[in-house]
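Just below is one structure, and these are the notes that go with it.
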Amino acid sequence: MVALTFPDGARREFPQGTTGLDIAKGISPSLAKRTVAMALDGVVSDLSDPIGKDARIEFLNRDDPRALELIRHDAAHVLAEAVQALWPGTQVTIGPVIENGFYYDFFRNQPFTPEDLPVIEKKMREIIARDAAFTKEEWSREKTKQVFRDKGEQFKVELVDAIPGNEPIKIYKQGEWFDLCRGPHMTSTGKVGNAFKLMKVAGAYWRGDSKREMLSRIYGTAFAKQEELDAYLKQMEEAEKRDHRKLGREMDLFHFQEEGPGTVFWHAAGWTIFQEIVAYMRRRLKGDYQEVNAPQLLDKSLWETSGHWGWFRENMFQATSAGDDTEDERVYAIKPMNCPGHIQIFKHGLKSYRDLPLRMAEFGIVHRYEPSGAMHGLLRVRAFTQDDAHVFCTEEQMADECLKINDLILSTYADFGFEEVVVKLSTRPEKRVGTDAMWDQAEEIMMRVLKEIEQRSGGRIKTGINPGEGAFYGPKFEYVLRDAIGRDWQCGTTQVDFNLPQRFDAFYIAADGSKTTPVMIHRAICGSMERFLGVVLEHYAGYLPLWLAPTQAVIATITSDADAYAQEVAAIARRAGLRVEADLRNEKINYKVREHSLAKIPVLLVVGKKEAAERLVSIRRLGSESQQVISLDEALKTLTAEAVPPDVRRMQGAA
């Protein structure tokens, strides 16, 4: 017998091997009908699985948030069946659930096109309407390979070989069609529902290896309800308008090219925004942090000591000495992170407990290898700048430092227009360094800090736990901010590290004269400055606040009679600290307005013969059809006040 505990606390015994479906039917036919899966001790399982031990049991219907992954997983199987029904001979490979949807990779001579998607969707709806039951079988390794080999599914044969020998080979059938899969699945294809959509097609290499076969990938999404799908599609439509790559072209901010894959070519306007963000961060750190700079190229021995060579090597760019005849045959790594360099700076010279906490900041360029298919504009690059900092402190100071960092992070996000933030504690991963005692201690302290973060915010800041998602050297806080259209972006981190200072024999002299290893707190607010800039662009849809805009105003002439006045206005505005340009081209004013609006110039100051004679300007705001004619002095006073960065405005208010 097995004892099962239900959500209401009731505990009942059943014969061993009883399935979840049997239990649901025994409670009520309606429960069995609406249940799509079960969770045993929190682990989602097939409803038809026999239960072999005591457990907590929950029945999941389609509306349960945990069922969404099942809906999408099942939709991927339905997609694969539809494709093979429409194009016999197409080989199926893998079809995982991903964030916001799913995809399936296929091998065929002719890649799919966007025009194929409605045809596939129609066939999927037919399969869903048939409502074939999902059934699971376990096959021998030899049988599985032979069946797929006979079907011409060579990729599936290769996948069988990749399954560890101690794992069972599971086959899921939906009517006559079947697939190799770990599961779990819902009870039938009909449970997928019709709230799904195929989004796009793309190319992808088998196993992500550019030396292997090119596959044709179909992306899709699915939801429990049609209104959820409609809301998501609307969000995607808005996201497409806000795509930072599109805005980058329109605003002439940056570009990428093949000769520098994953590295940004910053144009003058984009670099201005970048430097404004850096200047903002420098002001916020002034007085609390020492800004330092560590080398880009360091011998691999340093990375071996830090542990990165063993844990992170596949993501590191390496370099050797310049020529074959050079005496220097050392192997170097281009730094993927700043922390080992900062420890070397800390170790240079004796430190006392009176020197702590010691806070070091660096706007350091780092390089990390990303597969070509993973790179995505500014959001995923191979070379980026971290607003990185490391705090060396005593164990007693650690909690206060984490809270101080938290306050800095949250106020920074608010200054950039992000008010909704979630703070998550990521705990020890399976692969890690350091003793369990170290991890216990670090996690216990950070859990206390997490509770205080929520309490201090009055519940405004939500918190959560990411089990197993910590760095290999310590637990961390992850700061997830929500943008204007409801998307979440993980940006800032605070990571506690008892391990790295110990590896490098870093110490300070404690009050009792002993050598003591400091706690090291890794801290980033923007994270990748490039990525943060991309997120900010999309959040504002390019309509940046005046203090961030690369060109804050353009003085545009109606006729050449106002050229001299426009140049004078531009000169006065620049002396007032504004970033302005004068547009004296012999073009119609409506043409100039359209062009500068596309480039997202926040303010146009239009001047003609009348404005020049009376020292007036006509102000047009980006996104507004109206205009206001005011004096030049009043216009400049208004704009200079508006262009003050939020942190400076706070300081001015405090003064």
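Residues are referred to by chain and number: the chain letter is A, B, ... according to the order shown in the structure tokens, the number counts from 1 in that chain, and ligands are numbered separately from 1 in the order shown.
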What's around Val292 of chain A at 7 Å? Count only C-alpha atoms, leave out sequence neighbours fewer than 4 positions away in its own chain, and write the answer as an mmCIF file with N, CA and C atoms, in the first residue's frame.
data_model
loop_
_atom_site.group_PDB
_atom_site.id
_atom_site.type_symbol
_atom_site.label_atom_id
_atom_site.label_comp_id
_atom_site.auth_asym_id
_atom_site.auth_seq_id
_atom_site.Cartn_x
_atom_site.Cartn_y
_atom_site.Cartn_z
ATOM 1 N N MET A 360 35.404 48.381 -4.451
ATOM 2 C CA MET A 360 36.080 48.676 -5.719
ATOM 3 C C MET A 360 35.077 48.571 -6.859
ATOM 4 N N ALA A 361 35.096 49.554 -7.745
ATOM 5 C CA ALA A 361 34.210 49.543 -8.915
ATOM 6 C C ALA A 361 35.038 49.643 -10.180
ATOM 7 N N GLU A 362 34.538 49.032 -11.238
ATOM 8 C CA GLU A 362 35.220 49.113 -12.537
ATOM 9 C C GLU A 362 34.186 49.019 -13.645
#
| note | atom CA of Phe312 of chain A to atom CA of Gln290 of chain A measures 27.7 Å
| request: Please return as a PyMOL selection string: the residues of segment 392-541 of chain A that backbone DSSP assigns to helix (DSSP H, G or I). | output: chain A and resi 395-415+436-456+500-503+529-540
| Among segment 217-458 of chain A, which ones does DSSP place in strand (DSSP E), written as number ranges by chain? | A: 217-222, 254-255, 265-266, 290-291, 297-299, 317-320, 331-334, 358-367, 383-393, 421-426
Can I get the selected residues back with C-alpha atoms, as a compact mmCIF listing (two decimals), in the first residue's frame?
# COMPACT_ATOMS: atom_id res chain seq x y z
CA ARG A 217 13.24 25.32 -36.90
CA ILE A 218 9.62 26.28 -36.33
CA TYR A 219 8.83 28.41 -33.27
CA GLY A 220 5.40 28.48 -31.68
CA THR A 221 3.58 29.49 -28.55
CA ALA A 222 0.54 28.16 -26.72
CA PHE A 254 25.15 51.45 -33.42
CA HIS A 255 25.66 48.58 -35.81
CA PHE A 265 30.24 49.44 -33.39
CA TRP A 266 28.99 52.47 -31.47
CA GLN A 290 37.14 53.45 -5.45
CA GLU A 291 37.15 53.17 -9.24
CA LEU A 297 44.88 39.91 -20.62
CA LEU A 298 45.97 37.69 -17.73
CA ASP A 299 47.94 34.46 -17.56
CA PHE A 317 38.65 33.59 -25.28
CA GLN A 318 42.30 32.54 -25.16
CA ALA A 319 45.44 34.14 -26.56
CA THR A 320 49.06 33.14 -26.93
CA VAL A 331 48.71 31.03 -22.51
CA TYR A 332 46.52 33.98 -21.63
CA ALA A 333 42.79 34.52 -21.25
CA ILE A 334 40.96 37.68 -22.25
CA LEU A 358 36.60 48.33 0.87
CA ARG A 359 34.50 48.88 -2.25
CA MET A 360 36.08 48.68 -5.72
CA ALA A 361 34.21 49.54 -8.91
CA GLU A 362 35.22 49.11 -12.54
CA PHE A 363 33.52 49.76 -15.85
CA GLY A 364 35.47 46.84 -17.25
CA ILE A 365 35.20 45.43 -20.76
CA VAL A 366 34.90 41.63 -20.66
CA HIS A 367 34.71 39.00 -23.39
CA ALA A 383 32.16 41.82 -25.69
CA PHE A 384 30.46 44.04 -23.13
CA THR A 385 31.10 46.48 -20.31
CA GLN A 386 30.15 45.55 -16.76
CA ASP A 387 29.34 48.15 -14.14
CA ASP A 388 31.14 45.77 -11.86
CA ALA A 389 32.05 46.23 -8.22
CA HIS A 390 33.47 44.10 -5.43
CA VAL A 391 33.05 44.81 -1.76
CA PHE A 392 35.62 43.31 0.61
CA CYS A 393 34.20 43.20 4.11
CA VAL A 421 11.24 44.87 -9.50
CA VAL A 422 11.47 41.31 -8.15
CA VAL A 423 14.45 40.21 -6.05
CA LYS A 424 15.22 36.49 -6.19
CA LEU A 425 17.71 34.51 -4.12
CA SER A 426 19.54 31.91 -6.21
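Once Ala562 of chain A and its same-chain neighbours fewer than 3 positions away are set aside, Thr557, Thr559, Tyr565, Ala566, Val607, Gly608, Lys609 and Ala612 of chain A remain within 7 Å of it when counting only C-alpha atoms.
The nearest approach to Arg66 of chain A among the residues A:Gly175, A:Pro184, A:Pro340, A:Gly458, with only C-alpha atoms taken into account, belongs to A:Pro184.
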| query | Could you pull the residues within 12 Å of Pro168 of chain A, counting only C-alpha atoms, minus those fewer than 3 positions along the same chain, as a list in words? | reply |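 Close residues of Pro168 of chain A: Lys136, Glu137, Glu138, Trp139, Ser140, Arg141, Thr144, Val160, Ile163, Pro164, Gly165, Ile171, Leu180, Cys181, Arg182 and Gly183 of chain A.
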| Given the choices A:Ala374, A:Val381, A:Ala414, A:Cys402, which gets closest to Glu452 of chain A if the distance is worked out from only C-alpha atoms? | A:Cys402
| said: Between A:Arg62, A:Val264, A:Arg368, A:Ser514, which residue has the minimum interatomic distance to Arg245 of chain A, considering only C-alpha atoms? | reply: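 That would be A:Val264, the residue with the smallest distance to Arg245 of chain A.
Nearest residue to Ala576 of chain A among A:Ala643, A:Ile51, A:Met1, A:Ile71 is A:Ala643, counting only C-alpha atoms.
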| request: Would you mind telling me which residue in A:Val629, A:Leu410, A:Ala641, A:Ala541 lies nearest to Glu238 of chain A when using only C-alpha atoms? | output: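 Among A:Val629, A:Leu410, A:Ala641, A:Ala541, it is A:Ala541 that comes nearest to Glu238 of chain A.
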| Please, what distance in Å, to one decimal, runs between atom CA of Arg615 of chain A and atom CA of Ser631 of chain A? |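 Distance reported for this atom pair: 6.2 Å.
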| said: Need to verify the contact set: Ala437 of chain A, 12 Å, only C-alpha atoms, exclusion of same-chain residues closer than 6 positions in sequence. Can you return it as a list of chain:residue names? | reply: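 The neighbour list is A:Arg428, A:Glu443, A:Glu444, A:Gly474, A:Phe498, A:Asn499.
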Could you save those same residues with N, CA and C atoms as a short mmCIF file (atom, residue, chain, number, x, y, z; two decimals), in the first residue's frame?
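The result, written out as again_16.cif:
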data_model
loop_
_atom_site.label_atom_id
_atom_site.label_comp_id
_atom_site.auth_asym_id
_atom_site.auth_seq_id
_atom_site.Cartn_x
_atom_site.Cartn_y
_atom_site.Cartn_z
N ARG A 428 22.52 27.33 -3.97
CA ARG A 428 23.68 26.54 -4.44
C ARG A 428 23.35 25.66 -5.64
N GLU A 443 24.00 31.29 2.61
CA GLU A 443 22.57 31.27 2.28
C GLU A 443 21.71 31.72 3.46
N GLU A 444 22.13 31.35 4.67
CA GLU A 444 21.36 31.75 5.86
C GLU A 444 21.36 33.27 6.01
N GLY A 474 29.10 30.94 -5.04
CA GLY A 474 28.31 31.49 -3.96
C GLY A 474 26.88 31.81 -4.36
N PHE A 498 32.52 33.45 -0.30
CA PHE A 498 33.49 33.11 0.74
C PHE A 498 34.70 32.39 0.13
N ASN A 499 34.55 31.98 -1.14
CA ASN A 499 35.51 31.06 -1.73
C ASN A 499 36.70 31.72 -2.43
#
| query | Between A:Met337, A:Leu285, A:Ala37, A:Ala506, which one has atoms that come closest to Ile409 of chain A, using only C-alpha atoms? | reply |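 Once distances to Ile409 of chain A are computed over only C-alpha atoms, the minimum belongs to A:Leu285.
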| task | Report the distance between atom CA of Leu198 of chain A and atom CA of Pro118 of chain A in Å, rounded to one decimal place. | result |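 Computed distance, atom CA of Leu198 of chain A to atom CA of Pro118 of chain A, equals 7.9 Å.
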